[in-house]
$ cat final01.pdb   # PDB, C-alpha atoms and all ligand atoms
ATOM      1  CA  MET A1427      14.494  -9.772   1.510  1.00  0.00           C
ATOM      2  CA  ASN A1428      10.824 -10.214   0.585  1.00  0.00           C
ATOM      3  CA  MET A1429       8.481  -8.083   2.654  1.00  0.00           C
ATOM      4  CA  ILE A1430       4.846  -7.175   3.031  1.00  0.00           C
ATOM      5  CA  PHE A1431       3.734  -3.764   4.330  1.00  0.00           C
ATOM      6  CA  LEU A1432       0.402  -4.136   6.085  1.00  0.00           C
ATOM      7  CA  GLY A1433      -1.807  -1.358   7.422  1.00  0.00           C
ATOM      8  CA  ALA A1434      -4.979   0.670   7.013  1.00  0.00           C
ATOM      9  CA  PRO A1435      -5.486   2.892   3.973  1.00  0.00           C
ATOM     10  CA  GLY A1436      -3.485   6.037   4.622  1.00  0.00           C
ATOM     11  CA  ALA A1437      -1.317   4.445   7.321  1.00  0.00           C
ATOM     12  CA  GLY A1438       1.733   5.381   5.267  1.00  0.00           C
ATOM     13  CA  LYS A1439       2.612   2.083   3.600  1.00  0.00           C
ATOM     14  CA  GLY A1440       3.388   3.716   0.266  1.00  0.00           C
ATOM     15  CA  THR A1441       5.409   6.543   1.819  1.00  0.00           C
ATOM     16  CA  GLN A1442       7.509   4.145   3.886  1.00  0.00           C
ATOM     17  CA  ALA A1443       7.859   1.744   0.966  1.00  0.00           C
ATOM     18  CA  GLU A1444       9.435   4.553  -1.090  1.00  0.00           C
ATOM     19  CA  VAL A1445      11.975   5.198   1.698  1.00  0.00           C
ATOM     20  CA  VAL A1446      12.861   1.530   2.219  1.00  0.00           C
ATOM     21  CA  CYS A1447      13.149   0.880  -1.527  1.00  0.00           C
ATOM     22  CA  ARG A1448      15.777   3.592  -1.834  1.00  0.00           C
ATOM     23  CA  GLU A1449      17.607   2.360   1.254  1.00  0.00           C
ATOM     24  CA  LEU A1450      17.672  -1.342   0.261  1.00  0.00           C
ATOM     25  CA  ASN A1451      17.544  -0.916  -3.515  1.00  0.00           C
ATOM     26  CA  ILE A1452      14.579  -3.233  -4.039  1.00  0.00           C
ATOM     27  CA  PRO A1453      11.294  -2.371  -5.799  1.00  0.00           C
ATOM     28  CA  ALA A1454       8.013  -1.561  -4.057  1.00  0.00           C
ATOM     29  CA  LEU A1455       5.149  -3.367  -5.736  1.00  0.00           C
ATOM     30  CA  SER A1456       1.936  -1.448  -5.049  1.00  0.00           C
ATOM     31  CA  THR A1457      -1.241  -3.144  -6.259  1.00  0.00           C
ATOM     32  CA  GLY A1458      -3.072   0.198  -5.784  1.00  0.00           C
ATOM     33  CA  ASN A1459      -0.650   1.880  -8.231  1.00  0.00           C
ATOM     34  CA  MET A1460      -0.865  -1.062 -10.649  1.00  0.00           C
ATOM     35  CA  LEU A1461      -4.667  -0.906 -10.592  1.00  0.00           C
ATOM     36  CA  ARG A1462      -4.760   2.886 -11.064  1.00  0.00           C
ATOM     37  CA  GLU A1463      -2.388   2.458 -14.018  1.00  0.00           C
ATOM     38  CA  ALA A1464      -4.666  -0.254 -15.460  1.00  0.00           C
ATOM     39  CA  VAL A1465      -7.704   2.027 -15.063  1.00  0.00           C
ATOM     40  CA  LYS A1466      -5.854   4.904 -16.757  1.00  0.00           C
ATOM     41  CA  ASN A1467      -4.859   2.665 -19.664  1.00  0.00           C
ATOM     42  CA  GLY A1468      -8.337   1.145 -19.969  1.00  0.00           C
ATOM     43  CA  THR A1469      -7.084  -2.450 -19.825  1.00  0.00           C
ATOM     44  CA  PRO A1470      -9.658  -5.240 -19.187  1.00  0.00           C
ATOM     45  CA  ALA A1471      -8.471  -5.544 -15.568  1.00  0.00           C
ATOM     46  CA  GLY A1472      -8.707  -1.762 -15.170  1.00  0.00           C
ATOM     47  CA  LEU A1473     -12.249  -1.629 -16.566  1.00  0.00           C
ATOM     48  CA  ALA A1474     -13.310  -4.420 -14.213  1.00  0.00           C
ATOM     49  CA  ALA A1475     -11.648  -2.776 -11.194  1.00  0.00           C
ATOM     50  CA  LYS A1476     -12.708   0.867 -11.499  1.00  0.00           C
ATOM     51  CA  ASP A1477     -16.148   0.793  -9.825  1.00  0.00           C
ATOM     52  CA  TYR A1478     -14.902  -1.202  -6.846  1.00  0.00           C
ATOM     53  CA  MET A1479     -12.052   1.239  -6.320  1.00  0.00           C
ATOM     54  CA  ASP A1480     -14.225   4.349  -6.577  1.00  0.00           C
ATOM     55  CA  ARG A1481     -16.598   2.935  -3.931  1.00  0.00           C
ATOM     56  CA  GLY A1482     -13.755   1.979  -1.600  1.00  0.00           C
ATOM     57  CA  ASP A1483     -14.409  -1.754  -1.974  1.00  0.00           C
ATOM     58  CA  LEU A1484     -11.749  -4.344  -2.623  1.00  0.00           C
ATOM     59  CA  VAL A1485     -11.234  -5.394  -6.217  1.00  0.00           C
ATOM     60  CA  PRO A1486     -12.091  -9.135  -6.617  1.00  0.00           C
ATOM     61  CA  ASP A1487      -9.233 -11.434  -5.634  1.00  0.00           C
ATOM     62  CA  GLU A1488      -8.808 -13.104  -9.041  1.00  0.00           C
ATOM     63  CA  ILE A1489      -8.156  -9.759 -10.768  1.00  0.00           C
ATOM     64  CA  VAL A1490      -5.622  -8.506  -8.216  1.00  0.00           C
ATOM     65  CA  ILE A1491      -3.894 -11.864  -7.893  1.00  0.00           C
ATOM     66  CA  GLY A1492      -3.450 -11.990 -11.688  1.00  0.00           C
ATOM     67  CA  ILE A1493      -1.888  -8.523 -11.807  1.00  0.00           C
ATOM     68  CA  LEU A1494       0.419  -9.202  -8.871  1.00  0.00           C
ATOM     69  CA  LYS A1495       1.534 -12.563 -10.232  1.00  0.00           C
ATOM     70  CA  ASP A1496       2.673 -10.964 -13.510  1.00  0.00           C
ATOM     71  CA  ARG A1497       4.473  -8.150 -11.700  1.00  0.00           C
ATOM     72  CA  ILE A1498       6.305 -10.301  -9.160  1.00  0.00           C
ATOM     73  CA  ALA A1499       7.663 -12.523 -11.946  1.00  0.00           C
ATOM     74  CA  LYS A1500       9.644  -9.621 -13.477  1.00  0.00           C
ATOM     75  CA  ASP A1501      13.432  -9.524 -13.191  1.00  0.00           C
ATOM     76  CA  ASP A1502      13.688  -6.542 -10.848  1.00  0.00           C
ATOM     77  CA  ALA A1503      11.847  -8.479  -8.126  1.00  0.00           C
ATOM     78  CA  LYS A1504      14.392 -11.315  -8.110  1.00  0.00           C
ATOM     79  CA  ASN A1505      16.536  -9.846  -5.306  1.00  0.00           C
ATOM     80  CA  GLY A1506      13.693  -8.890  -3.007  1.00  0.00           C
ATOM     81  CA  PHE A1507      10.671  -6.623  -2.941  1.00  0.00           C
ATOM     82  CA  ILE A1508       8.159  -4.825  -0.787  1.00  0.00           C
ATOM     83  CA  LEU A1509       4.505  -5.648  -1.328  1.00  0.00           C
ATOM     84  CA  ASP A1510       2.446  -2.514  -0.640  1.00  0.00           C
ATOM     85  CA  GLY A1511      -1.305  -3.186  -0.488  1.00  0.00           C
ATOM     86  CA  PHE A1512      -1.113  -6.922  -1.166  1.00  0.00           C
ATOM     87  CA  PRO A1513      -2.280  -9.295   0.255  1.00  0.00           C
ATOM     88  CA  ARG A1514      -5.473  -7.648   1.488  1.00  0.00           C
ATOM     89  CA  THR A1515      -7.502 -10.812   2.114  1.00  0.00           C
ATOM     90  CA  VAL A1516      -6.675 -14.246   3.509  1.00  0.00           C
ATOM     91  CA  ALA A1517      -7.400 -15.688   0.048  1.00  0.00           C
ATOM     92  CA  GLN A1518      -4.712 -13.394  -1.438  1.00  0.00           C
ATOM     93  CA  ALA A1519      -2.212 -14.468   1.251  1.00  0.00           C
ATOM     94  CA  GLU A1520      -2.932 -18.113   0.408  1.00  0.00           C
ATOM     95  CA  ALA A1521      -2.511 -17.384  -3.304  1.00  0.00           C
ATOM     96  CA  LEU A1522       0.922 -15.925  -2.554  1.00  0.00           C
ATOM     97  CA  GLU A1523       1.874 -19.095  -0.667  1.00  0.00           C
ATOM     98  CA  ASN A1524       0.594 -21.240  -3.523  1.00  0.00           C
ATOM     99  CA  MET A1525       2.756 -19.267  -5.979  1.00  0.00           C
ATOM    100  CA  GLY A1526       5.724 -20.403  -3.889  1.00  0.00           C
ATOM    101  CA  VAL A1527       6.638 -16.846  -2.902  1.00  0.00           C
ATOM    102  CA  ARG A1528       8.707 -16.763   0.306  1.00  0.00           C
ATOM    103  CA  ILE A1529       7.902 -13.916   2.702  1.00  0.00           C
ATOM    104  CA  ASP A1530      10.580 -12.961   5.245  1.00  0.00           C
ATOM    105  CA  LYS A1531       8.813 -10.216   7.179  1.00  0.00           C
ATOM    106  CA  VAL A1532       5.462  -8.534   7.453  1.00  0.00           C
ATOM    107  CA  ILE A1533       5.709  -4.958   8.720  1.00  0.00           C
ATOM    108  CA  GLU A1534       2.438  -3.678  10.116  1.00  0.00           C
ATOM    109  CA  ILE A1535       2.214   0.129  10.216  1.00  0.00           C
ATOM    110  CA  ASP A1536      -0.278   0.839  12.970  1.00  0.00           C
ATOM    111  CA  VAL A1537      -2.243   4.113  12.978  1.00  0.00           C
ATOM    112  CA  PRO A1538      -5.547   4.727  14.820  1.00  0.00           C
ATOM    113  CA  ASP A1539      -8.610   5.327  12.618  1.00  0.00           C
ATOM    114  CA  GLU A1540      -9.069   8.914  13.911  1.00  0.00           C
ATOM    115  CA  ALA A1541      -5.585   9.873  12.758  1.00  0.00           C
ATOM    116  CA  ILE A1542      -6.225   8.266   9.343  1.00  0.00           C
ATOM    117  CA  THR A1543      -9.398  10.250   8.741  1.00  0.00           C
ATOM    118  CA  ALA A1544      -7.602  13.503   9.574  1.00  0.00           C
ATOM    119  CA  ARG A1545      -4.678  12.648   7.282  1.00  0.00           C
ATOM    120  CA  MET A1546      -6.522  11.608   4.166  1.00  0.00           C
ATOM    121  CA  SER A1547      -7.919  15.010   3.201  1.00  0.00           C
ATOM    122  CA  GLY A1548      -4.372  16.262   2.596  1.00  0.00           C
ATOM    123  CA  ARG A1549      -3.114  13.272   0.669  1.00  0.00           C
ATOM    124  CA  ARG A1550      -2.087  13.726  -2.975  1.00  0.00           C
ATOM    125  CA  VAL A1551      -0.741  11.265  -5.533  1.00  0.00           C
ATOM    126  CA  CYS A1552       1.282  11.700  -8.745  1.00  0.00           C
ATOM    127  CA  GLU A1553      -0.640  10.865 -11.931  1.00  0.00           C
ATOM    128  CA  GLY A1554       2.597   9.902 -13.626  1.00  0.00           C
ATOM    129  CA  CYS A1555       4.627   7.697 -11.291  1.00  0.00           C
ATOM    130  CA  GLY A1556       2.257   7.130  -8.354  1.00  0.00           C
ATOM    131  CA  ASN A1557       4.483   8.727  -5.703  1.00  0.00           C
ATOM    132  CA  SER A1558       2.518   9.948  -2.716  1.00  0.00           C
ATOM    133  CA  TYR A1559       2.549  13.346  -1.021  1.00  0.00           C
ATOM    134  CA  HIS A1560       0.697  15.249   1.689  1.00  0.00           C
ATOM    135  CA  ILE A1561      -0.030  18.989   1.502  1.00  0.00           C
ATOM    136  CA  LYS A1562       1.121  19.457   5.115  1.00  0.00           C
ATOM    137  CA  PHE A1563       3.377  16.513   6.059  1.00  0.00           C
ATOM    138  CA  LYS A1564       5.120  15.831   2.746  1.00  0.00           C
ATOM    139  CA  PRO A1565       4.569  18.670   0.267  1.00  0.00           C
ATOM    140  CA  THR A1566       5.959  18.710  -3.256  1.00  0.00           C
ATOM    141  CA  LYS A1567       8.793  21.218  -3.854  1.00  0.00           C
ATOM    142  CA  VAL A1568       6.711  22.951  -6.542  1.00  0.00           C
ATOM    143  CA  GLU A1569       2.990  23.088  -5.747  1.00  0.00           C
ATOM    144  CA  GLY A1570       0.984  20.472  -7.655  1.00  0.00           C
ATOM    145  CA  ILE A1571       4.031  18.982  -9.448  1.00  0.00           C
ATOM    146  CA  CYS A1572       5.705  15.650  -8.627  1.00  0.00           C
ATOM    147  CA  ASP A1573       9.315  15.970  -7.378  1.00  0.00           C
ATOM    148  CA  ALA A1574      10.256  12.648  -8.965  1.00  0.00           C
ATOM    149  CA  CYS A1575       8.796  12.888 -12.488  1.00  0.00           C
ATOM    150  CA  GLY A1576       7.280  16.354 -13.020  1.00  0.00           C
ATOM    151  CA  ALA A1577       3.740  15.085 -13.664  1.00  0.00           C
ATOM    152  CA  LYS A1578       0.627  16.528 -12.008  1.00  0.00           C
ATOM    153  CA  VAL A1579      -0.160  15.678  -8.389  1.00  0.00           C
ATOM    154  CA  VAL A1580      -3.879  15.174  -7.644  1.00  0.00           C
ATOM    155  CA  GLN A1581      -6.326  14.051  -4.982  1.00  0.00           C
ATOM    156  CA  ARG A1582      -7.690  10.531  -5.481  1.00  0.00           C
ATOM    157  CA  ILE A1583     -11.466  10.104  -5.946  1.00  0.00           C
ATOM    158  CA  ASP A1584     -11.443   7.472  -3.209  1.00  0.00           C
ATOM    159  CA  ASP A1585      -9.861   9.881  -0.689  1.00  0.00           C
ATOM    160  CA  LYS A1586     -13.227  11.639  -0.140  1.00  0.00           C
ATOM    161  CA  PRO A1587     -14.285  11.378   3.553  1.00  0.00           C
ATOM    162  CA  GLU A1588     -17.278   9.008   2.940  1.00  0.00           C
ATOM    163  CA  THR A1589     -15.144   6.687   0.871  1.00  0.00           C
ATOM    164  CA  VAL A1590     -12.360   6.736   3.444  1.00  0.00           C
ATOM    165  CA  GLN A1591     -14.878   5.471   6.052  1.00  0.00           C
ATOM    166  CA  ALA A1592     -15.886   2.642   3.698  1.00  0.00           C
ATOM    167  CA  ARG A1593     -12.244   1.723   3.118  1.00  0.00           C
ATOM    168  CA  LEU A1594     -11.509   1.648   6.857  1.00  0.00           C
ATOM    169  CA  LYS A1595     -14.485  -0.654   7.411  1.00  0.00           C
ATOM    170  CA  THR A1596     -13.269  -2.945   4.631  1.00  0.00           C
ATOM    171  CA  TYR A1597      -9.790  -2.898   6.142  1.00  0.00           C
ATOM    172  CA  HIS A1598     -11.003  -4.028   9.576  1.00  0.00           C
ATOM    173  CA  GLU A1599     -13.258  -6.745   8.132  1.00  0.00           C
ATOM    174  CA  LYS A1600     -11.125  -8.205   5.356  1.00  0.00           C
ATOM    175  CA  THR A1601      -7.488  -7.208   5.849  1.00  0.00           C
ATOM    176  CA  ALA A1602      -6.905  -6.941   9.611  1.00  0.00           C
ATOM    177  CA  PRO A1603      -7.295 -10.768   9.984  1.00  0.00           C
ATOM    178  CA  LEU A1604      -3.972 -11.027   8.130  1.00  0.00           C
ATOM    179  CA  LYS A1605      -2.254  -9.795  11.294  1.00  0.00           C
ATOM    180  CA  ASP A1606      -3.103 -13.087  13.021  1.00  0.00           C
ATOM    181  CA  TYR A1607      -2.359 -15.034   9.859  1.00  0.00           C
ATOM    182  CA  TYR A1608       1.232 -13.759   9.774  1.00  0.00           C
ATOM    183  CA  LYS A1609       1.659 -13.615  13.542  1.00  0.00           C
ATOM    184  CA  SER A1610       0.984 -17.344  13.775  1.00  0.00           C
ATOM    185  CA  ARG A1611       3.686 -17.842  11.123  1.00  0.00           C
ATOM    186  CA  GLY A1612       6.158 -15.750  13.174  1.00  0.00           C
ATOM    187  CA  LYS A1613       6.489 -13.038  10.514  1.00  0.00           C
ATOM    188  CA  LEU A1614       4.645 -10.046  11.968  1.00  0.00           C
ATOM    189  CA  VAL A1615       6.422  -6.942  13.311  1.00  0.00           C
ATOM    190  CA  THR A1616       4.333  -3.910  14.324  1.00  0.00           C
ATOM    191  CA  VAL A1617       5.583  -0.350  13.950  1.00  0.00           C
ATOM    192  CA  GLN A1618       3.773   2.705  15.355  1.00  0.00           C
ATOM    193  CA  GLY A1619       2.900   4.977  12.444  1.00  0.00           C
ATOM    194  CA  GLN A1620       1.081   7.953  13.953  1.00  0.00           C
ATOM    195  CA  ASN A1621       4.125  10.208  14.419  1.00  0.00           C
ATOM    196  CA  GLU A1622       6.276  12.081  11.898  1.00  0.00           C
ATOM    197  CA  ILE A1623       7.215  10.405   8.621  1.00  0.00           C
ATOM    198  CA  GLU A1624      10.939  10.364   9.544  1.00  0.00           C
ATOM    199  CA  GLU A1625      10.210   8.788  12.927  1.00  0.00           C
ATOM    200  CA  THR A1626       8.134   6.042  11.283  1.00  0.00           C
ATOM    201  CA  SER A1627      10.915   5.460   8.727  1.00  0.00           C
ATOM    202  CA  ARG A1628      13.423   5.029  11.547  1.00  0.00           C
ATOM    203  CA  LEU A1629      11.171   2.483  13.277  1.00  0.00           C
ATOM    204  CA  THR A1630      10.439   0.702  10.002  1.00  0.00           C
ATOM    205  CA  LEU A1631      14.116   0.331   9.047  1.00  0.00           C
ATOM    206  CA  ALA A1632      14.918  -0.859  12.583  1.00  0.00           C
ATOM    207  CA  ALA A1633      12.140  -3.461  12.331  1.00  0.00           C
ATOM    208  CA  ILE A1634      13.491  -4.683   8.985  1.00  0.00           C
ATOM    209  CA  LYS A1635      17.105  -4.909  10.121  1.00  0.00           C
ATOM    210  CA  GLY A1636      16.360  -6.230  13.611  1.00  0.00           C
TER
HETATM  211  P1  LIG A1701      -4.833   2.623   0.229  1.00  0.00           P
HETATM  212  O1  LIG A1701      -3.746   1.799   0.825  1.00  0.00           O
HETATM  213  O2  LIG A1701      -4.669   4.057   0.486  1.00  0.00           O
HETATM  214  O3  LIG A1701      -6.218   2.131   0.525  1.00  0.00           O
HETATM  215  P2  LIG A1701      -4.244   1.627  -2.434  1.00  0.00           P
HETATM  216  O4  LIG A1701      -3.661   2.568  -3.399  1.00  0.00           O
HETATM  217  O5  LIG A1701      -3.390   0.551  -1.867  1.00  0.00           O
HETATM  218  O6  LIG A1701      -4.829   2.561  -1.318  1.00  0.00           O
HETATM  219  O7  LIG A1701      -5.546   0.916  -3.045  1.00  0.00           O
HETATM  220  C1  LIG A1701      -6.574   1.658  -3.656  1.00  0.00           C
HETATM  221  C2  LIG A1701      -7.739   0.738  -4.027  1.00  0.00           C
HETATM  222  O8  LIG A1701      -7.283  -0.261  -4.956  1.00  0.00           O
HETATM  223  C3  LIG A1701      -8.340  -0.066  -2.873  1.00  0.00           C
HETATM  224  O9  LIG A1701      -9.316   0.661  -2.164  1.00  0.00           O
HETATM  225  C4  LIG A1701      -8.919  -1.258  -3.631  1.00  0.00           C
HETATM  226  O10 LIG A1701     -10.138  -0.943  -4.254  1.00  0.00           O
HETATM  227  C5  LIG A1701      -7.897  -1.520  -4.707  1.00  0.00           C
HETATM  228  N1  LIG A1701      -6.853  -2.492  -4.284  1.00  0.00           N
HETATM  229  C6  LIG A1701      -5.531  -2.262  -4.125  1.00  0.00           C
HETATM  230  N2  LIG A1701      -4.878  -3.381  -3.742  1.00  0.00           N
HETATM  231  C7  LIG A1701      -5.830  -4.341  -3.631  1.00  0.00           C
HETATM  232  C8  LIG A1701      -5.807  -5.722  -3.260  1.00  0.00           C
HETATM  233  N3  LIG A1701      -4.677  -6.345  -2.887  1.00  0.00           N
HETATM  234  N4  LIG A1701      -6.990  -6.408  -3.275  1.00  0.00           N
HETATM  235  C9  LIG A1701      -8.127  -5.812  -3.632  1.00  0.00           C
HETATM  236  N5  LIG A1701      -8.222  -4.521  -3.982  1.00  0.00           N
HETATM  237  C10 LIG A1701      -7.095  -3.785  -3.995  1.00  0.00           C
HETATM  238 ZN    ZN A1702       5.622  11.377 -10.355  1.00  0.00          ZN
END

$ encode --input "final01.pdb" --output "structure tokens"
Amino acid sequence: MNMIFLGAPGAGKGTQAEVVCRELNIPALSTGNMLREAVKNGTPAGLAAKDYMDRGDLVPDEIVIGILKDRIAKDDAKNGFILDGFPRTVAQAEALENMGVRIDKVIEIDVPDEAITARMSGRRVCEGCGNSYHIKFKPTKVEGICDACGAKVVQRIDDKPETVQARLKTYHEKTAPLKDYYKSRGKLVTVQGQNEIEETSRLTLAAIKG
């Protein structure tokens, strides 16, 4: 099954993707994680992307599409995948279609903006493997250390309140139109994401299986 997880920054796409990956044994392909990795490694794509990311803007389509195209071609994506954070523009959705990638379902995780703003201050991410945590809702077992890989868990520069506002604005302008794009293709399923993580996971798995 090939799926897209759609939703505002901080809606919980990454968290739910981790759960569903384990359940269905397919990889989650997060363009945000790929880009942060590229920045860390100082690759040409990373150097080009960094300033956009720090400001809360989208990275230009051609850069992200290139990275995603390479990733989706790898062997582990042959039996299905979850796209987390891609596509984020109509142009990216069209690029996916032009690559001949079949999408079975688009799961929209819906969370009101007010709840997002409150959530983001507690969000943390692993520097090593990119797993996401929250100091209150999903703490690490050992403070500051990733449960999965033992690397350091940090706050992202773009999780500052001003930047979160910019990212929400970008989401509504550039990404939210994808809801109609996939609705008109009969692929969109919406899941309420403002409650507990476990509750959202239950709804997400039901949406996938239903
Ligand atoms: P979140 O979902 O919390 O906003 P991500 O980790 O998915 O965070 O993305 C972080 C940043 O990486 C975005 O703000 C954006 O700058 C960049 N990015 C990630 N995916 C894309 C994409 N598909 N198109 C353009 N920019 C992207
Ligand atoms: Zn880790």

$ closest_atom_pairs --input "final01.pdb" --of "segment 1477-1510 of chain A" --to "segment 1434-1444 of chain A" --cutoff "9 Å" --atoms "only C-alpha atoms" --output "Markdown table"
| residue | atom | partner | partner_atom | distance |
| --- | --- | --- | --- | --- |
| A:Ile1508 | CA | A:Ala1443 | CA | 6.8 |
| A:Leu1509 | CA | A:Ala1443 | CA | 8.4 |
| A:Asp1510 | CA | A:Lys1439 | CA | 6.3 |

$ closest_residue --input "final01.pdb" --among "A:Val1446, A:Ala1519, A:Leu1473, A:Ala1464" --to "Asp1487 of chain A" --atoms "all atoms listed in the file"
A:Ala1519

$ resolve_selection --input "final01.pdb" --expression "the PyMOL selection byres (((not hetatm)) within 6 of (chain A and resi 1702))" --output "ChimeraX atom specification"
/A:1552,1554-1557,1572,1574-1577

$ atom_distance --input "final01.pdb" --atom1 "atom CA of Arg1593 of chain A" --atom2 "atom CA of Asn1467 of chain A"
24.0 Å

$ resolve_selection --input "final01.pdb" --expression "the PyMOL selection byres (((chain A and resi 1431) around 12) and not hetatm)" --output "ChimeraX atom specification"
/A:1428-1430,1432-1435,1437-1444,1446,1454-1457,1507-1514,1529-1536,1601,1604-1605,1608,1613-1617,1619,1630,1633-1634

$ atom_distance --input "final01.pdb" --atom1 "atom P2 of ligand LIG 1701 (chain A)" --atom2 "atom CA of Val1485 of chain A"
10.6 Å

$ closest_residue --input "final01.pdb" --among "A:Ser1610, A:Thr1626, A:Thr1596, A:Asn1505" --to "ligand LIG 1701 (chain A)" --atoms "only C-alpha atoms and all ligand atoms"
A:Thr1596

$ residues_around --input "final01.pdb" --residues "Gly1472 of chain A" --least-positions-apart "6" --cutoff "8 Å" --atoms "all atoms listed in the file" --output "MDAnalysis selection string"
chainID A and resid 1461:1466
